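Below is one structure, written out as structure tokens, with a few remarks after it.
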Amino acid sequence: MTKPAQILFYPDPRFAQRATPRPVDAALIAIGEALKATAAEHRAYGLAAVHIGDVAPVVVVSFGPVEGRDYRLLYNPEVLSTSDEAELGTEGSVSLPGIEVEVVRSISCIIGYDDVAGSRHETALSGFEARVAMHEIDQMNGIFFLDKVSRLKRDAALRRFKKLQR
């Protein structure tokens, strides 16, 4: 069984780096397995490889009900389309523990991704699953969730985080 990895904490500069798509190989699979073990350890709804220090094109997302975790590894994921309808929803990160902010996201999306064998798939997601997938794919592309809110909200969240660390 793969051992969980250490979590990288914000504002490490790797969070701003975009992962480059690449063929699914043994190295990418190993990152995926570590990512999945780490997500399970932290009961995260999803994680991008950068959360464990690897700027790589892999995320893990829970496709099941909010109460459970049905983790899926997505290699080279991308958001293919989003709905015009959007809503506010609470988001946070294991890399910024204790901080949650309201982020506007589309209520549904279609994502494309490779599986462990390198086969390409498309999946339609809605609600919480869509939010988690878009959040992690953004992170894989160098967009931290705080980048999606106003400077005022971001600064307030970072001040709260500093207070929590004392």
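Ordering of the structure tokens sets the chain letters (A, B, ...); residue numbers start at 1 within each chain; ligands are numbered from 1 in the order shown.
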Would you pick out the contacts of region 85-96 of chain A at 8 Å or less, using only C-alpha atoms, so that residues sharing its chain but fewer than 5 positions from it are not included, and give the list as a PyMOL selection string? chain A and resi 7-10+42+44+51+101-107+145+161
Could you save the residues just selected, with C-alpha atoms, as a PDB file, in the first residue's frame?
```pdb
ATOM      1  CA  ILE A   7       1.290  18.239   2.447  1.00  0.00           C
ATOM      2  CA  LEU A   8       2.844  21.336   0.911  1.00  0.00           C
ATOM      3  CA  PHE A   9       1.604  24.560   2.519  1.00  0.00           C
ATOM      4  CA  TYR A  10       0.539  27.777   0.829  1.00  0.00           C
ATOM      5  CA  HIS A  42      -6.720  13.751   5.201  1.00  0.00           C
ATOM      6  CA  ALA A  44      -9.971  15.491   1.412  1.00  0.00           C
ATOM      7  CA  HIS A  51      -0.409  19.547  -2.757  1.00  0.00           C
ATOM      8  CA  VAL A 101     -13.948  31.311   1.421  1.00  0.00           C
ATOM      9  CA  GLU A 102     -16.938  31.634  -0.872  1.00  0.00           C
ATOM     10  CA  VAL A 103     -15.960  31.083  -4.537  1.00  0.00           C
ATOM     11  CA  VAL A 104     -18.184  31.473  -7.610  1.00  0.00           C
ATOM     12  CA  ARG A 105     -18.087  28.433  -9.907  1.00  0.00           C
ATOM     13  CA  SER A 106     -20.261  26.944 -12.629  1.00  0.00           C
ATOM     14  CA  ILE A 107     -22.772  24.432 -11.297  1.00  0.00           C
ATOM     15  CA  PHE A 145      -8.622  28.966  -4.945  1.00  0.00           C
ATOM     16  CA  PHE A 161      -4.553  31.918   8.535  1.00  0.00           C
TER      17      PHE A 161
END
```
Which residues come within 12 Å of Ala117 (chain A), counting only C-alpha atoms, excluding same-chain residues fewer than 4 positions away, as a PDB file with N, CA and C atoms, in the first residue's frame?
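Written output follows (part.pdb):
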```pdb
ATOM      1  N   PRO A  23       2.337  11.842 -21.216  1.00  0.00           N
ATOM      2  CA  PRO A  23       1.794  10.478 -21.229  1.00  0.00           C
ATOM      3  C   PRO A  23       1.785   9.859 -19.836  1.00  0.00           C
ATOM      4  N   VAL A  24       0.784   9.037 -19.577  1.00  0.00           N
ATOM      5  CA  VAL A  24       0.700   8.341 -18.300  1.00  0.00           C
ATOM      6  C   VAL A  24       1.794   7.276 -18.288  1.00  0.00           C
ATOM      7  N   ASP A  25       2.705   7.407 -17.344  1.00  0.00           N
ATOM      8  CA  ASP A  25       3.822   6.467 -17.221  1.00  0.00           C
ATOM      9  C   ASP A  25       3.955   6.048 -15.755  1.00  0.00           C
ATOM     10  N   ALA A  26       4.947   5.231 -15.457  1.00  0.00           N
ATOM     11  CA  ALA A  26       5.119   4.718 -14.096  1.00  0.00           C
ATOM     12  C   ALA A  26       5.312   5.840 -13.085  1.00  0.00           C
ATOM     13  N   LEU A  28       4.164   8.981 -13.219  1.00  0.00           N
ATOM     14  CA  LEU A  28       2.890   9.675 -13.014  1.00  0.00           C
ATOM     15  C   LEU A  28       1.930   8.796 -12.203  1.00  0.00           C
ATOM     16  N   ILE A  29       1.938   7.507 -12.464  1.00  0.00           N
ATOM     17  CA  ILE A  29       1.095   6.574 -11.702  1.00  0.00           C
ATOM     18  C   ILE A  29       1.507   6.568 -10.234  1.00  0.00           C
ATOM     19  N   LEU A  73      -8.611   8.776  -9.788  1.00  0.00           N
ATOM     20  CA  LEU A  73      -7.404   9.446 -10.259  1.00  0.00           C
ATOM     21  C   LEU A  73      -7.629   9.910 -11.684  1.00  0.00           C
ATOM     22  N   LEU A  74      -7.358  11.174 -11.931  1.00  0.00           N
ATOM     23  CA  LEU A  74      -7.532  11.763 -13.252  1.00  0.00           C
ATOM     24  C   LEU A  74      -6.170  12.265 -13.727  1.00  0.00           C
ATOM     25  N   TYR A  75      -5.682  11.664 -14.800  1.00  0.00           N
ATOM     26  CA  TYR A  75      -4.403  12.068 -15.372  1.00  0.00           C
ATOM     27  C   TYR A  75      -4.672  13.006 -16.551  1.00  0.00           C
ATOM     28  N   TYR A 113     -10.153  13.458 -19.255  1.00  0.00           N
ATOM     29  CA  TYR A 113      -9.005  12.979 -18.493  1.00  0.00           C
ATOM     30  C   TYR A 113      -8.564  11.624 -19.032  1.00  0.00           C
ATOM     31  N   HIS A 121     -11.132   9.809 -21.476  1.00  0.00           N
ATOM     32  CA  HIS A 121     -12.538   9.745 -21.082  1.00  0.00           C
ATOM     33  C   HIS A 121     -13.093  11.149 -20.953  1.00  0.00           C
TER      34      HIS A 121
END
```
Strand (DSSP E or B) per DSSP on the backbone: members of region 50-110 of chain A, as number ranges by chain: A: 58-62, 71-82, 86-92, 100-106, 108-110
Just to be explicit: take each residue in the selection above, keep C-alpha atoms, and write the result as a PDB file, in the first residue's frame.
```
ATOM      1  CA  VAL A  58      -2.746  14.449 -11.970  1.00  0.00           C
ATOM      2  CA  VAL A  59      -5.590  15.085  -9.521  1.00  0.00           C
ATOM      3  CA  VAL A  60      -7.733  12.894  -7.320  1.00  0.00           C
ATOM      4  CA  VAL A  61     -11.427  13.711  -6.970  1.00  0.00           C
ATOM      5  CA  SER A  62     -14.176  12.083  -4.945  1.00  0.00           C
ATOM      6  CA  TYR A  71     -11.644   8.581  -5.174  1.00  0.00           C
ATOM      7  CA  ARG A  72     -10.830   8.672  -8.875  1.00  0.00           C
ATOM      8  CA  LEU A  73      -7.404   9.446 -10.259  1.00  0.00           C
ATOM      9  CA  LEU A  74      -7.532  11.763 -13.252  1.00  0.00           C
ATOM     10  CA  TYR A  75      -4.403  12.068 -15.372  1.00  0.00           C
ATOM     11  CA  ASN A  76      -4.048  15.068 -17.710  1.00  0.00           C
ATOM     12  CA  PRO A  77      -7.476  16.389 -16.682  1.00  0.00           C
ATOM     13  CA  GLU A  78      -9.035  19.415 -18.305  1.00  0.00           C
ATOM     14  CA  VAL A  79     -12.320  21.245 -18.063  1.00  0.00           C
ATOM     15  CA  LEU A  80     -13.864  20.937 -21.534  1.00  0.00           C
ATOM     16  CA  SER A  81     -16.955  23.049 -20.867  1.00  0.00           C
ATOM     17  CA  THR A  82     -18.889  24.655 -18.041  1.00  0.00           C
ATOM     18  CA  ALA A  86     -22.897  29.586 -11.496  1.00  0.00           C
ATOM     19  CA  GLU A  87     -23.227  29.745  -7.738  1.00  0.00           C
ATOM     20  CA  LEU A  88     -21.286  30.671  -4.621  1.00  0.00           C
ATOM     21  CA  GLY A  89     -19.866  27.784  -2.638  1.00  0.00           C
ATOM     22  CA  THR A  90     -17.445  27.326   0.228  1.00  0.00           C
ATOM     23  CA  GLU A  91     -13.953  26.156  -0.710  1.00  0.00           C
ATOM     24  CA  GLY A  92     -10.825  25.428   1.277  1.00  0.00           C
ATOM     25  CA  GLU A 100     -12.633  28.651   3.800  1.00  0.00           C
ATOM     26  CA  VAL A 101     -13.948  31.311   1.421  1.00  0.00           C
ATOM     27  CA  GLU A 102     -16.938  31.634  -0.872  1.00  0.00           C
ATOM     28  CA  VAL A 103     -15.960  31.083  -4.537  1.00  0.00           C
ATOM     29  CA  VAL A 104     -18.184  31.473  -7.610  1.00  0.00           C
ATOM     30  CA  ARG A 105     -18.087  28.433  -9.907  1.00  0.00           C
ATOM     31  CA  SER A 106     -20.261  26.944 -12.629  1.00  0.00           C
ATOM     32  CA  SER A 108     -21.779  21.790 -13.860  1.00  0.00           C
ATOM     33  CA  CYS A 109     -18.956  20.918 -16.204  1.00  0.00           C
ATOM     34  CA  ILE A 110     -17.637  18.319 -18.587  1.00  0.00           C
TER      35      ILE A 110
END
```
Apply DSSP to the backbone of this structure and, from chain A, keep only the residues in alpha helix (DSSP H); write these as a PyMOL selection string. chain A and resi 26-42+127-140+151-165
Under the rule that only C-alpha atoms are counted, which of A:Pro97, A:Pro57, A:Pro13, A:Pro4 is the nearest residue to Lys162 (chain A)? A:Pro97
7 Å contact set for Thr2 (chain A), only C-alpha atoms, chain neighbours under 3 positions out, as a PyMOL selection string: chain A and resi 33-34+37
Compare A:His135, A:Ala124, A:Arg151, A:Arg22 by their minimum atom-to-atom distance to Leu47 (chain A), counting only C-alpha atoms, and give me the closest one.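 Among the listed residues, the smallest separation from Leu47 (chain A) belongs to A:His135.
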One number please: CA of Val50 (chain A) to CA of Asp155 (chain A), in Å, one decimal. 22.2 Å
Rounded to one decimal, what separation in Å do you get between CA of Ala133 (chain A) and CA of Gly46 (chain A)?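 CA of Gly46 (chain A) lies at a distance of 7.4 Å from CA of Ala133 (chain A).
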What's the separation between CA of Ala56 (chain A) and CA of Ala19 (chain A), in Å to one decimal place? 4.9 Å
For Lys153 (chain A), which residue out of A:Arg120, A:Ile99, A:Asp138, A:Arg14 is the nearest one, using only C-alpha atoms? A:Ile99
